[in-house]
Amino acid sequence: MSLRWLDFDYSEGDDDVGVFDALASVLPEHADAVRAEIDAVLAWAQAEGGRRAPVGEGGEWDAELQQGQDAGPPARHEFGLTISGTAAFCEAFRSRFSV
């Protein structure tokens, strides 16, 4: 799946947990498209990624979504999506989303 709105950066900590971070800041008319893309990414992770919980607690992956609005002008919708996971999850994520 090619992503249009989310551009993920990848980092890895000393604990071998990988982290994908994406930010999107869009005009109101594009907010639903960003939400749909976020939903698709999370649906894939839920279906294919194994147990959702922090890796330190035995999970394969976890995610945090932040949403807000910037008053502008022009007004913008802002999204921040962070997904963390095991090495196996991160490899599958990279393969699926060409990250």
# chains A, B, ... in the order shown; residues from 1 in each chain; ligands from 1
$ select_by_dssp --residues "chain A" --states "strand (DSSP E)" --output "short mmCIF file (atom, residue, chain, number, x, y, z; two decimals) with all heavy atoms, in the first residue's frame"
data_model
loop_
_atom_site.label_atom_id
_atom_site.label_comp_id
_atom_site.auth_asym_id
_atom_site.auth_seq_id
_atom_site.Cartn_x
_atom_site.Cartn_y
_atom_site.Cartn_z
N ASP A 9 9.08 8.41 9.55
CA ASP A 9 10.50 8.36 9.89
C ASP A 9 10.68 7.18 10.82
O ASP A 9 9.81 6.89 11.64
CB ASP A 9 10.95 9.65 10.60
CG ASP A 9 10.99 10.85 9.68
OD1 ASP A 9 11.37 10.67 8.51
OD2 ASP A 9 10.64 11.94 10.14
N TYR A 10 11.82 6.52 10.71
CA TYR A 10 12.09 5.33 11.53
C TYR A 10 13.28 5.58 12.43
O TYR A 10 14.27 6.18 12.03
CB TYR A 10 12.38 4.12 10.62
CG TYR A 10 12.71 2.87 11.40
CD1 TYR A 10 11.71 2.15 12.03
CD2 TYR A 10 14.02 2.44 11.51
CE1 TYR A 10 12.01 1.01 12.76
CE2 TYR A 10 14.33 1.29 12.23
CZ TYR A 10 13.32 0.59 12.85
OH TYR A 10 13.61 -0.54 13.57
N SER A 11 13.17 5.10 13.66
CA SER A 11 14.30 5.13 14.59
C SER A 11 14.25 3.85 15.42
O SER A 11 13.23 3.17 15.48
CB SER A 11 14.25 6.37 15.49
OG SER A 11 13.09 6.37 16.28
N GLU A 12 15.39 3.55 16.02
CA GLU A 12 15.47 2.34 16.84
C GLU A 12 16.24 2.66 18.10
O GLU A 12 17.29 3.30 18.05
CB GLU A 12 16.18 1.24 16.05
CG GLU A 12 16.10 -0.12 16.69
CD GLU A 12 16.65 -1.18 15.77
OE1 GLU A 12 16.07 -1.40 14.70
OE2 GLU A 12 17.68 -1.78 16.15
N GLY A 18 11.66 -0.73 17.44
CA GLY A 18 11.62 0.23 16.35
C GLY A 18 10.44 1.18 16.52
O GLY A 18 9.40 0.80 17.07
N VAL A 19 10.62 2.41 16.05
CA VAL A 19 9.58 3.43 16.18
C VAL A 19 9.40 4.12 14.83
O VAL A 19 10.37 4.62 14.24
CB VAL A 19 9.92 4.46 17.27
CG1 VAL A 19 8.84 5.53 17.35
CG2 VAL A 19 10.12 3.79 18.61
N PHE A 20 8.16 4.15 14.36
CA PHE A 20 7.79 4.88 13.15
C PHE A 20 6.97 6.09 13.60
O PHE A 20 5.98 5.94 14.31
CB PHE A 20 6.92 4.01 12.23
CG PHE A 20 7.63 2.81 11.69
CD1 PHE A 20 7.56 1.59 12.34
CD2 PHE A 20 8.37 2.89 10.52
CE1 PHE A 20 8.19 0.47 11.84
CE2 PHE A 20 9.02 1.79 10.01
CZ PHE A 20 8.93 0.57 10.67
N ASP A 21 7.39 7.27 13.16
CA ASP A 21 6.68 8.52 13.48
C ASP A 21 6.24 9.19 12.18
O ASP A 21 7.04 9.30 11.24
CB ASP A 21 7.59 9.50 14.23
CG ASP A 21 7.83 9.10 15.66
OD1 ASP A 21 6.84 8.91 16.39
OD2 ASP A 21 9.00 8.97 16.05
N ALA A 22 5.00 9.64 12.16
CA ALA A 22 4.49 10.40 11.01
C ALA A 22 3.71 11.60 11.51
O ALA A 22 2.97 11.50 12.50
CB ALA A 22 3.61 9.53 10.13
N LEU A 23 3.86 12.71 10.83
CA LEU A 23 3.11 13.93 11.10
C LEU A 23 2.41 14.36 9.82
O LEU A 23 2.97 14.22 8.73
CB LEU A 23 4.03 15.05 11.57
CG LEU A 23 4.82 14.80 12.84
CD1 LEU A 23 5.80 15.94 13.07
CD2 LEU A 23 3.88 14.67 14.03
N ALA A 24 1.21 14.86 9.96
CA ALA A 24 0.50 15.42 8.81
C ALA A 24 -0.22 16.67 9.28
O ALA A 24 -0.85 16.68 10.34
CB ALA A 24 -0.50 14.42 8.25
N SER A 25 -0.10 17.73 8.51
CA SER A 25 -0.78 18.98 8.78
C SER A 25 -1.48 19.38 7.49
O SER A 25 -0.82 19.69 6.49
CB SER A 25 0.22 20.05 9.22
OG SER A 25 -0.43 21.27 9.45
N VAL A 26 -2.81 19.32 7.49
CA VAL A 26 -3.56 19.48 6.25
C VAL A 26 -4.70 20.47 6.42
O VAL A 26 -5.19 20.72 7.52
CB VAL A 26 -4.12 18.13 5.76
CG1 VAL A 26 -2.99 17.15 5.44
CG2 VAL A 26 -5.09 17.52 6.75
N TRP A 61 3.44 -4.80 18.99
CA TRP A 61 3.38 -3.42 18.50
C TRP A 61 2.42 -2.62 19.36
O TRP A 61 1.60 -3.15 20.08
CB TRP A 61 2.94 -3.39 17.03
CG TRP A 61 1.48 -3.75 16.86
CD1 TRP A 61 0.94 -5.01 16.88
CD2 TRP A 61 0.38 -2.84 16.69
NE1 TRP A 61 -0.42 -4.94 16.71
CE2 TRP A 61 -0.79 -3.63 16.60
CE3 TRP A 61 0.28 -1.46 16.61
CZ2 TRP A 61 -2.05 -3.06 16.42
CZ3 TRP A 61 -0.97 -0.91 16.43
CH2 TRP A 61 -2.11 -1.70 16.33
N ASP A 62 2.53 -1.30 19.24
CA ASP A 62 1.61 -0.39 19.90
C ASP A 62 1.57 0.90 19.09
O ASP A 62 2.45 1.14 18.24
CB ASP A 62 2.05 -0.11 21.34
CG ASP A 62 0.89 0.33 22.23
OD1 ASP A 62 -0.27 0.35 21.76
OD2 ASP A 62 1.14 0.65 23.40
N ALA A 63 0.58 1.72 19.32
CA ALA A 63 0.43 2.96 18.56
C ALA A 63 -0.15 4.05 19.44
O ALA A 63 -0.89 3.78 20.39
CB ALA A 63 -0.46 2.75 17.35
N GLU A 64 0.18 5.28 19.08
CA GLU A 64 -0.38 6.46 19.72
C GLU A 64 -0.73 7.46 18.63
O GLU A 64 0.09 7.76 17.76
CB GLU A 64 0.62 7.08 20.69
CG GLU A 64 0.09 8.32 21.37
CD GLU A 64 1.09 8.98 22.30
OE1 GLU A 64 2.15 8.40 22.57
OE2 GLU A 64 0.80 10.10 22.74
N LEU A 65 -1.96 7.97 18.69
CA LEU A 65 -2.43 8.95 17.73
C LEU A 65 -2.76 10.24 18.46
O LEU A 65 -3.46 10.23 19.47
CB LEU A 65 -3.68 8.44 17.01
CG LEU A 65 -4.37 9.42 16.05
CD1 LEU A 65 -3.45 9.82 14.91
CD2 LEU A 65 -5.66 8.82 15.53
N GLN A 66 -2.24 11.34 17.95
CA GLN A 66 -2.56 12.66 18.47
C GLN A 66 -3.19 13.48 17.35
O GLN A 66 -2.73 13.41 16.20
CB GLN A 66 -1.31 13.35 19.00
CG GLN A 66 -0.68 12.62 20.16
CD GLN A 66 0.57 13.32 20.66
OE1 GLN A 66 1.10 14.22 20.04
NE2 GLN A 66 1.04 12.88 21.81
N GLN A 67 -4.23 14.22 17.70
CA GLN A 67 -4.93 15.05 16.72
C GLN A 67 -5.17 16.42 17.31
O GLN A 67 -5.40 16.55 18.52
CB GLN A 67 -6.27 14.43 16.34
CG GLN A 67 -6.18 13.06 15.74
CD GLN A 67 -7.55 12.49 15.43
OE1 GLN A 67 -8.25 13.03 14.58
NE2 GLN A 67 -7.91 11.43 16.11
N GLY A 68 -5.13 17.42 16.47
CA GLY A 68 -5.41 18.76 16.94
C GLY A 68 -5.72 19.68 15.76
O GLY A 68 -5.74 19.25 14.61
N GLN A 69 -5.93 20.92 16.08
CA GLN A 69 -6.20 21.93 15.05
C GLN A 69 -5.34 23.14 15.31
O GLN A 69 -5.11 23.53 16.46
CB GLN A 69 -7.67 22.33 15.04
CG GLN A 69 -8.57 21.23 14.55
CD GLN A 69 -10.01 21.70 14.44
OE1 GLN A 69 -10.54 22.28 15.38
NE2 GLN A 69 -10.62 21.44 13.31
N ASP A 70 -4.86 23.72 14.23
CA ASP A 70 -4.12 24.97 14.27
C ASP A 70 -5.06 26.04 13.73
O ASP A 70 -5.63 25.87 12.65
CB ASP A 70 -2.86 24.84 13.41
CG ASP A 70 -2.05 26.12 13.38
OD1 ASP A 70 -2.32 27.03 14.18
OD2 ASP A 70 -1.14 26.20 12.54
N ARG A 76 -5.71 24.49 10.00
CA ARG A 76 -5.19 23.18 9.58
C ARG A 76 -5.53 22.13 10.62
O ARG A 76 -5.60 22.42 11.80
CB ARG A 76 -3.68 23.25 9.38
CG ARG A 76 -3.27 24.28 8.31
CD ARG A 76 -1.80 24.29 8.07
NE ARG A 76 -1.32 23.15 7.31
CZ ARG A 76 -1.40 23.04 5.98
NH1 ARG A 76 -1.97 23.99 5.28
NH2 ARG A 76 -0.91 21.99 5.36
N HIS A 77 -5.69 20.91 10.15
CA HIS A 77 -5.84 19.76 11.03
C HIS A 77 -4.47 19.10 11.13
O HIS A 77 -3.80 18.88 10.12
CB HIS A 77 -6.86 18.76 10.46
CG HIS A 77 -8.26 19.25 10.54
ND1 HIS A 77 -9.14 18.83 11.51
CD2 HIS A 77 -8.94 20.15 9.79
CE1 HIS A 77 -10.30 19.43 11.34
NE2 HIS A 77 -10.19 20.24 10.30
N GLU A 78 -4.08 18.76 12.36
CA GLU A 78 -2.75 18.18 12.58
C GLU A 78 -2.89 16.79 13.18
O GLU A 78 -3.73 16.57 14.07
CB GLU A 78 -1.94 19.09 13.50
CG GLU A 78 -1.71 20.45 12.87
CD GLU A 78 -0.96 21.42 13.76
OE1 GLU A 78 -0.96 21.21 14.99
OE2 GLU A 78 -0.40 22.36 13.22
N PHE A 79 -2.08 15.87 12.68
CA PHE A 79 -2.10 14.49 13.13
C PHE A 79 -0.68 14.05 13.43
O PHE A 79 0.24 14.37 12.67
CB PHE A 79 -2.66 13.57 12.03
CG PHE A 79 -4.04 13.92 11.58
CD1 PHE A 79 -4.24 14.85 10.57
CD2 PHE A 79 -5.14 13.32 12.16
CE1 PHE A 79 -5.52 15.18 10.15
CE2 PHE A 79 -6.42 13.64 11.75
CZ PHE A 79 -6.61 14.57 10.74
N GLY A 80 -0.51 13.31 14.49
CA GLY A 80 0.76 12.69 14.81
C GLY A 80 0.51 11.23 15.13
O GLY A 80 -0.29 10.90 15.99
N LEU A 81 1.15 10.32 14.40
CA LEU A 81 0.98 8.89 14.61
C LEU A 81 2.33 8.28 14.91
O LEU A 81 3.28 8.43 14.12
CB LEU A 81 0.37 8.24 13.37
CG LEU A 81 0.16 6.72 13.44
CD1 LEU A 81 -0.79 6.34 14.58
CD2 LEU A 81 -0.37 6.20 12.11
N THR A 82 2.44 7.61 16.05
CA THR A 82 3.65 6.90 16.44
C THR A 82 3.30 5.43 16.59
O THR A 82 2.35 5.08 17.30
CB THR A 82 4.21 7.44 17.77
OG1 THR A 82 4.52 8.83 17.60
CG2 THR A 82 5.45 6.69 18.20
N ILE A 83 4.06 4.59 15.91
CA ILE A 83 3.88 3.15 15.99
C ILE A 83 5.21 2.55 16.39
O ILE A 83 6.24 2.83 15.77
CB ILE A 83 3.41 2.56 14.65
CG1 ILE A 83 2.07 3.18 14.26
CG2 ILE A 83 3.31 1.03 14.74
CD1 ILE A 83 1.56 2.74 12.91
N SER A 84 5.21 1.75 17.44
CA SER A 84 6.43 1.08 17.88
C SER A 84 6.21 -0.43 17.78
O SER A 84 5.08 -0.91 17.85
CB SER A 84 6.77 1.47 19.32
OG SER A 84 5.70 1.13 20.19
N GLY A 85 7.33 -1.16 17.61
CA GLY A 85 7.17 -2.60 17.50
C GLY A 85 8.47 -3.37 17.56
O GLY A 85 9.56 -2.80 17.56
#
$ residues_around --residues "A:Phe97" --least-positions-apart "4" --cutoff "9 Å" --atoms "only C-alpha atoms" --output "ChimeraX atom specification"
/A:1-3,41,92-93
$ write_last_selection --atoms "C-alpha atoms" --output "PDB file, in the first residue's frame"
ATOM      1  CA  MET A   1       0.000   0.000   0.000  1.00  0.00           C
ATOM      2  CA  SER A   2       1.353   3.372  -0.965  1.00  0.00           C
ATOM      3  CA  LEU A   3       0.829   6.148   1.559  1.00  0.00           C
ATOM      4  CA  VAL A  41      -2.449   1.558   8.690  1.00  0.00           C
ATOM      5  CA  ALA A  92       6.675  -6.352   8.024  1.00  0.00           C
ATOM      6  CA  PHE A  93       5.593  -2.700   8.370  1.00  0.00           C
TER       7      PHE A  93
END
$ select_by_dssp --residues "stretch 14-61 of chain A" --states "alpha helix (DSSP H)" --output "ChimeraX atom specification"
/A:31-48
$ residues_around --residues "A:Gly49" --least-positions-apart "4" --cutoff "8 Å" --atoms "only C-alpha atoms" --output "NGL selection string"
:A and (44-45 or 60-61 or 89)
$ closest_residue --among "A:Cys90, A:Ala53, A:Leu27, A:Leu42" --to "A:Pro73" --atoms "only C-alpha atoms"
A:Leu27
$ closest_residue --among "A:Gly58, A:Ala43, A:Val34, A:Val17" --to "A:Glu91" --atoms "only C-alpha atoms"
A:Val17
$ closest_residue --among "A:Gly56, A:Thr86, A:Trp5, A:Gly50" --to "A:Ile38" --atoms "only C-alpha atoms"
A:Trp5
$ atom_distance --atom1 "atom CA of A:Val99" --atom2 "atom CA of A:Arg4"
12.0 Å
